[in-house]
Structure formats: structure tokens, C-alpha cells
$ cat structure.txt   # compact mmCIF, C-alpha atoms
# COMPACT_ATOMS: atom_id res chain seq x y z
CA MET B 1 225.75 28.06 -61.53
CA ILE B 2 227.43 30.61 -59.27
CA LEU B 3 225.49 33.25 -57.35
CA CYS B 4 227.63 36.37 -57.55
CA GLY B 5 225.21 39.28 -57.93
CA GLY B 6 224.75 40.46 -54.36
CA LYS B 7 226.02 43.75 -52.98
CA GLY B 8 228.39 42.21 -50.44
CA LEU B 9 227.51 44.79 -47.79
CA ARG B 10 229.45 43.01 -45.06
CA MET B 11 232.62 43.45 -47.10
CA GLY B 12 232.06 47.23 -46.95
CA TYR B 13 231.69 49.77 -49.74
CA ASP B 14 234.79 51.62 -48.51
CA SER B 15 237.04 48.55 -48.67
CA GLY B 16 238.33 49.38 -52.14
CA ILE B 17 236.95 46.05 -53.44
CA THR B 18 234.94 46.55 -56.62
CA SER B 19 232.88 43.37 -56.24
CA LYS B 20 233.07 40.75 -53.47
CA PRO B 21 233.58 37.79 -55.87
CA LEU B 22 236.58 39.71 -57.26
CA ALA B 23 238.23 40.15 -53.84
CA LYS B 24 241.74 38.74 -54.18
CA VAL B 25 243.00 35.57 -52.50
CA GLY B 26 246.65 35.00 -53.29
CA GLY B 27 246.43 37.59 -56.04
CA MET B 28 243.45 36.01 -57.83
CA PRO B 29 239.68 36.62 -57.35
CA ILE B 30 237.59 34.37 -55.11
CA LEU B 31 235.46 33.59 -58.16
CA TRP B 32 238.53 32.37 -60.06
CA HIS B 33 239.42 30.05 -57.15
CA ILE B 34 235.91 28.57 -57.13
CA MET B 35 235.87 27.97 -60.88
CA LYS B 36 239.42 26.58 -60.81
CA PHE B 37 238.32 24.20 -58.04
CA TYR B 38 235.35 22.90 -60.06
CA LYS B 39 237.51 22.51 -63.14
CA GLN B 40 239.55 19.80 -61.44
CA PHE B 41 236.34 17.75 -61.33
CA LYS B 42 235.95 18.22 -65.09
CA ILE B 43 233.33 20.96 -64.79
CA HIS B 44 234.10 23.63 -67.40
CA GLU B 45 230.72 25.27 -68.06
CA PHE B 46 229.49 28.01 -65.77
CA VAL B 47 226.56 30.39 -65.52
CA LEU B 48 227.43 33.47 -63.47
CA CYS B 49 224.30 35.02 -61.91
CA LEU B 50 225.26 38.68 -62.03
CA GLY B 51 223.79 41.84 -60.58
CA PHE B 52 225.66 44.41 -58.51
CA LYS B 53 228.88 45.59 -60.23
CA GLN B 54 228.38 42.99 -62.96
CA GLU B 55 230.45 45.04 -65.39
CA ALA B 56 233.52 44.54 -63.18
CA ILE B 57 233.12 40.73 -63.29
CA LYS B 58 232.54 40.76 -67.05
CA ASP B 59 235.54 43.01 -67.56
CA TYR B 60 237.78 40.76 -65.46
CA PHE B 61 237.08 37.60 -67.44
CA VAL B 62 237.02 39.23 -70.87
CA ASN B 63 240.45 40.75 -70.16
CA MET B 64 241.80 38.00 -67.92
CA ASP B 65 244.57 36.78 -70.22
CA TRP B 66 246.37 40.07 -70.75
CA ARG B 67 245.77 41.23 -67.18
CA ASN B 68 247.45 38.15 -65.70
CA ASN B 69 250.29 37.63 -68.17
CA ASP B 70 253.06 39.44 -69.98
CA PHE B 71 252.00 40.25 -73.52
CA ARG B 72 253.23 41.85 -76.74
CA LEU B 73 251.06 44.45 -78.45
CA LYS B 74 251.50 45.21 -82.15
CA THR B 75 249.42 48.29 -82.71
CA ASN B 76 249.52 48.12 -86.50
CA LYS B 77 248.65 44.41 -86.78
CA SER B 78 246.64 41.79 -84.94
CA GLY B 79 246.79 43.15 -81.41
CA VAL B 80 247.74 41.26 -78.25
CA LYS B 81 249.89 38.13 -78.09
CA ILE B 82 250.41 36.49 -74.69
CA ILE B 83 254.13 35.78 -74.20
CA SER B 84 254.24 34.40 -70.64
CA ASN B 85 252.48 31.70 -68.69
CA LEU B 86 252.11 33.34 -65.30
CA ASN B 87 248.48 32.28 -65.19
CA SER B 88 247.61 29.90 -67.99
CA GLN B 89 244.50 30.44 -70.07
CA GLU B 90 241.49 28.53 -68.81
CA SER B 91 239.23 26.37 -70.98
CA TRP B 92 236.01 27.68 -69.49
CA ASN B 93 232.65 28.16 -71.19
CA ILE B 94 230.98 30.98 -69.26
CA ILE B 95 227.52 32.53 -69.58
CA PHE B 96 227.35 35.98 -67.97
CA ALA B 97 223.69 36.35 -67.01
CA ASP B 98 222.26 39.68 -65.84
CA THR B 99 219.84 38.53 -63.13
CA GLY B 100 219.02 42.01 -61.82
CA LEU B 101 220.45 44.53 -59.39
CA GLU B 102 218.00 43.93 -56.53
CA THR B 103 217.05 40.31 -57.25
CA MET B 104 217.32 37.85 -54.36
CA THR B 105 218.98 34.44 -54.59
CA GLY B 106 215.86 32.48 -55.61
CA GLY B 107 214.98 35.02 -58.27
CA ARG B 108 218.50 34.81 -59.69
CA ILE B 109 218.29 31.03 -59.95
CA LYS B 110 214.90 31.21 -61.66
CA ARG B 111 216.12 33.76 -64.21
CA ILE B 112 218.83 31.46 -65.56
CA GLN B 113 216.52 28.45 -65.98
CA LYS B 114 216.62 28.96 -69.75
CA TYR B 115 220.36 28.28 -69.78
CA ILE B 116 220.18 24.92 -68.01
CA GLN B 117 219.98 22.12 -70.57
CA GLU B 118 221.10 19.18 -68.43
CA ASP B 119 218.80 17.28 -66.07
CA GLU B 120 221.15 18.04 -63.18
CA PHE B 121 223.37 20.98 -62.39
CA MET B 122 225.43 22.38 -59.54
CA LEU B 123 224.98 25.61 -57.63
CA THR B 124 227.23 27.46 -55.23
CA TYR B 125 227.90 30.92 -53.85
CA GLY B 126 230.61 33.24 -55.14
CA ASP B 127 232.08 33.95 -51.72
CA GLY B 128 233.38 30.73 -50.20
CA VAL B 129 235.92 27.96 -50.74
CA SER B 130 236.06 24.35 -49.57
CA ASP B 131 237.81 21.04 -50.14
CA VAL B 132 234.54 19.15 -50.58
CA ASN B 133 234.88 16.24 -52.99
CA ILE B 134 232.52 17.22 -55.83
CA ASP B 135 232.55 13.72 -57.33
CA ALA B 136 231.54 12.18 -53.99
CA LEU B 137 228.89 14.89 -53.54
CA TYR B 138 227.40 14.06 -56.93
CA GLU B 139 227.40 10.30 -56.26
CA PHE B 140 225.66 10.92 -52.93
CA HIS B 141 223.03 13.00 -54.73
CA LYS B 142 222.40 10.19 -57.22
CA GLN B 143 222.14 7.60 -54.45
CA LYS B 144 219.59 9.65 -52.51
CA GLY B 145 217.46 10.33 -55.59
CA LYS B 146 216.19 13.67 -54.27
CA ILE B 147 215.53 16.88 -56.17
CA ALA B 148 218.22 18.75 -54.24
CA THR B 149 221.33 18.01 -52.22
CA VAL B 150 223.11 20.60 -50.09
CA THR B 151 226.56 20.32 -48.56
CA GLY B 152 226.38 20.70 -44.78
CA ILE B 153 229.21 21.51 -42.40
CA ARG B 154 229.44 21.88 -38.63
CA PRO B 155 231.08 25.26 -38.02
CA ARG B 156 233.27 26.22 -35.11
CA SER B 157 231.65 28.67 -32.72
CA GLY B 158 233.12 32.15 -32.76
CA TYR B 159 232.87 32.33 -28.97
CA GLY B 160 233.77 30.47 -25.82
CA VAL B 161 230.85 28.29 -24.70
CA MET B 162 229.90 27.68 -21.06
CA ASP B 163 227.67 25.25 -19.17
CA VAL B 164 226.23 26.90 -16.08
CA GLU B 165 224.61 25.47 -12.95
CA GLU B 166 223.26 27.76 -10.24
CA GLY B 167 225.36 30.67 -11.46
CA VAL B 168 228.62 28.67 -11.55
CA VAL B 169 230.44 27.61 -14.71
CA THR B 170 230.76 23.83 -14.82
CA LYS B 171 232.34 23.57 -18.24
CA PHE B 172 234.11 25.97 -20.58
CA GLU B 173 235.11 25.35 -24.20
CA GLU B 174 236.85 27.92 -26.38
CA LYS B 175 235.23 28.04 -29.83
CA PRO B 176 233.98 24.43 -29.98
CA ILE B 177 232.61 22.77 -33.10
CA MET B 178 228.85 23.17 -33.09
CA ASP B 179 226.52 20.16 -33.05
CA ARG B 180 224.15 21.37 -35.77
CA TRP B 181 224.82 21.42 -39.50
CA ILE B 182 224.68 24.59 -41.59
CA ASN B 183 224.33 25.33 -45.29
CA ALA B 184 227.78 25.49 -46.87
CA GLY B 185 226.50 25.85 -50.44
CA PHE B 186 227.86 23.40 -53.03
CA PHE B 187 224.45 22.11 -54.13
CA VAL B 188 223.51 19.47 -56.68
CA LEU B 189 220.07 20.14 -58.14
CA ASN B 190 217.67 18.45 -60.53
CA LYS B 191 215.78 20.65 -63.00
CA GLY B 192 212.63 19.91 -61.03
CA VAL B 193 213.89 22.41 -58.48
CA PHE B 194 212.68 25.26 -60.69
CA ASP B 195 209.10 24.24 -59.84
CA TYR B 196 209.84 25.28 -56.26
CA ILE B 197 211.06 28.77 -57.16
CA SER B 198 208.69 31.62 -58.00
CA ASP B 199 209.25 34.29 -60.66
CA ASP B 200 209.25 37.00 -58.00
CA GLU B 201 212.60 38.80 -57.84
CA LYS B 202 212.20 38.90 -54.05
CA CYS B 203 212.18 35.10 -53.83
CA ILE B 204 214.94 33.95 -51.48
CA TRP B 205 216.31 30.50 -52.31
CA GLU B 206 217.17 29.80 -48.67
CA ASP B 207 213.62 30.62 -47.53
CA GLU B 208 210.43 29.29 -49.15
CA PRO B 209 211.98 27.03 -51.86
CA ILE B 210 214.25 25.19 -49.44
CA ARG B 211 211.56 25.06 -46.75
CA GLN B 212 209.17 23.41 -49.22
CA LEU B 213 211.84 20.96 -50.36
CA VAL B 214 212.31 20.00 -46.72
CA LEU B 215 208.55 19.56 -46.22
CA ASP B 216 208.44 17.34 -49.31
CA ARG B 217 211.50 15.43 -48.07
CA GLU B 218 213.30 16.31 -51.29
CA LEU B 219 216.43 17.88 -49.76
CA ALA B 220 219.37 15.61 -48.97
CA VAL B 221 222.46 16.79 -47.09
CA TYR B 222 226.01 15.71 -47.86
CA GLN B 223 227.80 15.97 -44.52
CA HIS B 224 231.28 17.40 -45.04
CA ASP B 225 233.77 17.24 -42.17
CA GLY B 226 236.59 18.90 -44.08
CA PHE B 227 237.56 22.48 -44.82
CA TRP B 228 235.09 25.27 -45.59
CA GLN B 229 235.69 29.00 -45.38
CA PRO B 230 233.12 31.69 -46.15
CA ILE B 231 234.53 35.05 -47.24
CA ASP B 232 231.84 37.47 -46.15
CA THR B 233 233.88 40.16 -44.41
CA LEU B 234 237.26 41.84 -44.64
CA LYS B 235 238.31 39.79 -41.61
CA ASP B 236 237.43 36.57 -43.50
CA LEU B 237 239.47 37.84 -46.43
CA GLU B 238 242.45 38.49 -44.18
CA VAL B 239 242.14 34.98 -42.68
CA ILE B 240 242.08 33.23 -46.06
CA ASN B 241 244.96 35.31 -47.41
CA GLU B 242 247.03 34.51 -44.32
CA MET B 243 246.37 30.82 -45.00
CA TRP B 244 247.52 31.32 -48.58
CA LYS B 245 250.66 33.13 -47.44
CA ASN B 246 251.50 30.25 -45.09
CA ASN B 247 250.86 27.68 -47.82
CA LYS B 248 247.81 26.27 -46.03
CA ARG B 249 245.47 25.89 -48.99
CA PRO B 250 243.16 22.89 -48.53
CA TRP B 251 240.78 24.11 -51.26
CA VAL B 252 243.56 24.16 -53.89
CA ASN B 253 243.31 20.92 -55.86
CA TRP B 254 245.36 22.07 -58.83
CA GLU B 255 249.07 22.50 -59.53
$ encode --input "structure.txt" --output "C-alpha cells"
Amino acid sequence: MILCGGKGLRMGYDSGITSKPLAKVGGMPILWHIMKFYKQFKIHEFVLCLGFKQEAIKDYFVNMDWRNNDFRLKTNKSGVKIISNLNSQESWNIIFADTGLETMTGGRIKRIQKYIQEDEFMLTYGDGVSDVNIDALYEFHKQKGKIATVTGIRPRSGYGVMDVEEGVVTKFEEKPIMDRWINAGFFVLNKGVFDYISDDEKCIWEDEPIRQLVLDRELAVYQHDGFWQPIDTLKDLEVINEMWKNNKRPWVNWE
């Protein structure tokens, strides 16, 4: 399950980007990178929780083959035939679920409950990449036996940090790694998690549902010390594309 229905306000309406999950990294959408990443762990089935600009995401995947490859069109016969392999066709099974324009994250998760047949499923956001080992994450989830497992990372501060005594700096560190863990997405969830989420479209997954899971001691955290990069702003997009340009691609686990 991928949450990709938000408005992406921090990316900016005037950025020329139709939908944040479709913002390009190395010429391909963030959403494509995320799904390609999961595919290497033999995960081929996805539910996209859509909302804002959902038609752009639907259009991209429906027309992905001819958009990303050379093709021959015979107007009087059977239509399009792909004749290059610039970006090979993907064996994905995708459900495009309209979860509402204004629906919050918890509401989006609740609205796709009907599509979840397995006892366990994975959830992530459509605006970040990582090199987290999904197999190890899943095994950790099984070992802990909790309803939910979240991947946690310790981010680097965006600022220089100082220790101060009597108005004098005693220690200065430029952008140190923080001590506390933050939510990096990449969840493993049991179907029992739906009991924690209300039907209200204003339900925020990161608020009451997760708080209650914590109170019930049903939220485990897989501590990831590797790479993680959110892509919330145009600056983040520039950073990740510069990494791609310089062939620094720790989230790429495919040929």
C-alpha cells in the first residue's frame, strides 16, 4: 500500500510538477522508484491510495509502456507495438484506489481495507526512498509479533548544534546525527491494524492510531542505520537528482 494522495504543498503548486509522486528522479517518477525497489523483494502487488491529481498517476501507469519506449503505431490495425527496451515493462498488479481529495492518511488506509486479503501487508509513503532491507524488516516484524512495525531512522540535523555554558559555546557540531528515532515509513502491518483506524476521513494515521498502538505496546520499530531520503520539497528533489547524476544511488537494488 502506497500513500500518494496528498497535495504535496511543500513541493509547490508553481513547480511545474503535476503530482509529487510523479516528480522525476533520474527521469522516472519517485513512485516508480519505490515500486521498483519493492519488486526486488518479490513484491508485485500494490494498492495506490489516490486523491489529489489522481488522474495524472493513473494516466502515467496506463500509458507507461509507450511513454518510456520507442514504439510502432499501425493506425489501420492493432495499434501500438513496443520496439525498444529503454524501460522494460513491469510485471506489476496495481489497484488504483480513489481514497478522496481531502482524506487524511488514516482515512486513506481505512478506505482500502476491502482490497487487503492477506493477514499482513506493507505500507509506505509515495515521497521517499531508502535502502532498507525489506526481507529483514519483515522477519523482524514476525519475531516481534506486534500488530505494526515501523522503520525508524536517526536523521542528521539540518543545523549546527551547540552546547552552551554561561553564555559561552563549549561544543559545536555541524549537522550531527540526532539521538532520537523518527518515522521513516516502510511499515509492516497486520490486518488487526484496521481496528485502530476510524472511518472518519480526517483520521490521521500518525496521530490517534499510532498513539493507541504505542499505548497498547503493539508498535515495534525496525532501527535502520542506512540510507533514507524524503522528497518533500524542491530542494530534496534537487539533492536526490544530484545523487543520481553522480551515480550515488543506494536505494537502487536493480540492474
$ atom_distance --input "structure.txt" --atom1 "atom CA of B:Gly27" --atom2 "atom CA of B:Asn68"
9.7 Å
$ closest_residue --input "structure.txt" --among "B:Pro155, B:Tyr60, B:Ile109, B:Lys191" --to "B:Pro176" --atoms "only C-alpha atoms"
B:Pro155
$ residues_around --input "structure.txt" --residues "stretch 200-206 of chain B" --least-positions-apart "4" --cutoff "9 Å" --atoms "only C-alpha atoms" --output "ChimeraX atom specification"
/B:99-100,102-111,210-211
$ closest_residue --input "structure.txt" --among "B:Phe71, B:Lys171, B:Ala148, B:Met122" --to "B:Asp216" --atoms "all atoms listed in the file"
B:Ala148
$ closest_residue --input "structure.txt" --among "B:Glu120, B:Gly5, B:Ser91, B:Asp127" --to "B:Ile231" --atoms "all atoms listed in the file"
B:Asp127
$ residues_around --input "structure.txt" --residues "stretch 217-230 of chain B" --least-positions-apart "2" --cutoff "9 Å" --atoms "only C-alpha atoms" --output "ChimeraX atom specification"
/B:127-133,136-137,140-141,144-155,181,183-184,210,212-215,232-233,236-237,240,250-251
$ atom_distance --input "structure.txt" --atom1 "atom CA of B:Leu48" --atom2 "atom CA of B:Lys36"
14.1 Å
$ residues_near_point --input "structure.txt" --point "(214.0, 26.0, -65.3)" --cutoff "12 Å" --atoms "all atoms listed in the file" --output "PyMOL selection string"
chain B and resi 106-121+189-199
$ residues_around --input "structure.txt" --residues "B:Tyr138" --least-positions-apart "4" --cutoff "7 Å" --atoms "all atoms listed in the file" --output "list in words"
Ile134, Lys142 and Val188 of chain B
$ closest_residue --input "structure.txt" --among "B:Val62, B:Met178, B:Val47, B:Ala23" --to "B:Ser157" --atoms "all atoms listed in the file"
B:Met178
$ atom_distance --input "structure.txt" --atom1 "atom CA of B:Phe46" --atom2 "atom CA of B:Trp92"
7.5 Å
$ closest_residue --input "structure.txt" --among "B:Lys24, B:Lys53, B:Arg67, B:His44" --to "B:Met1" --atoms "all atoms listed in the file"
B:His44
$ closest_residue --input "structure.txt" --among "B:Val252, B:Ile30, B:Leu22, B:Leu73" --to "B:Asp59" --atoms "only C-alpha atoms"
B:Leu22
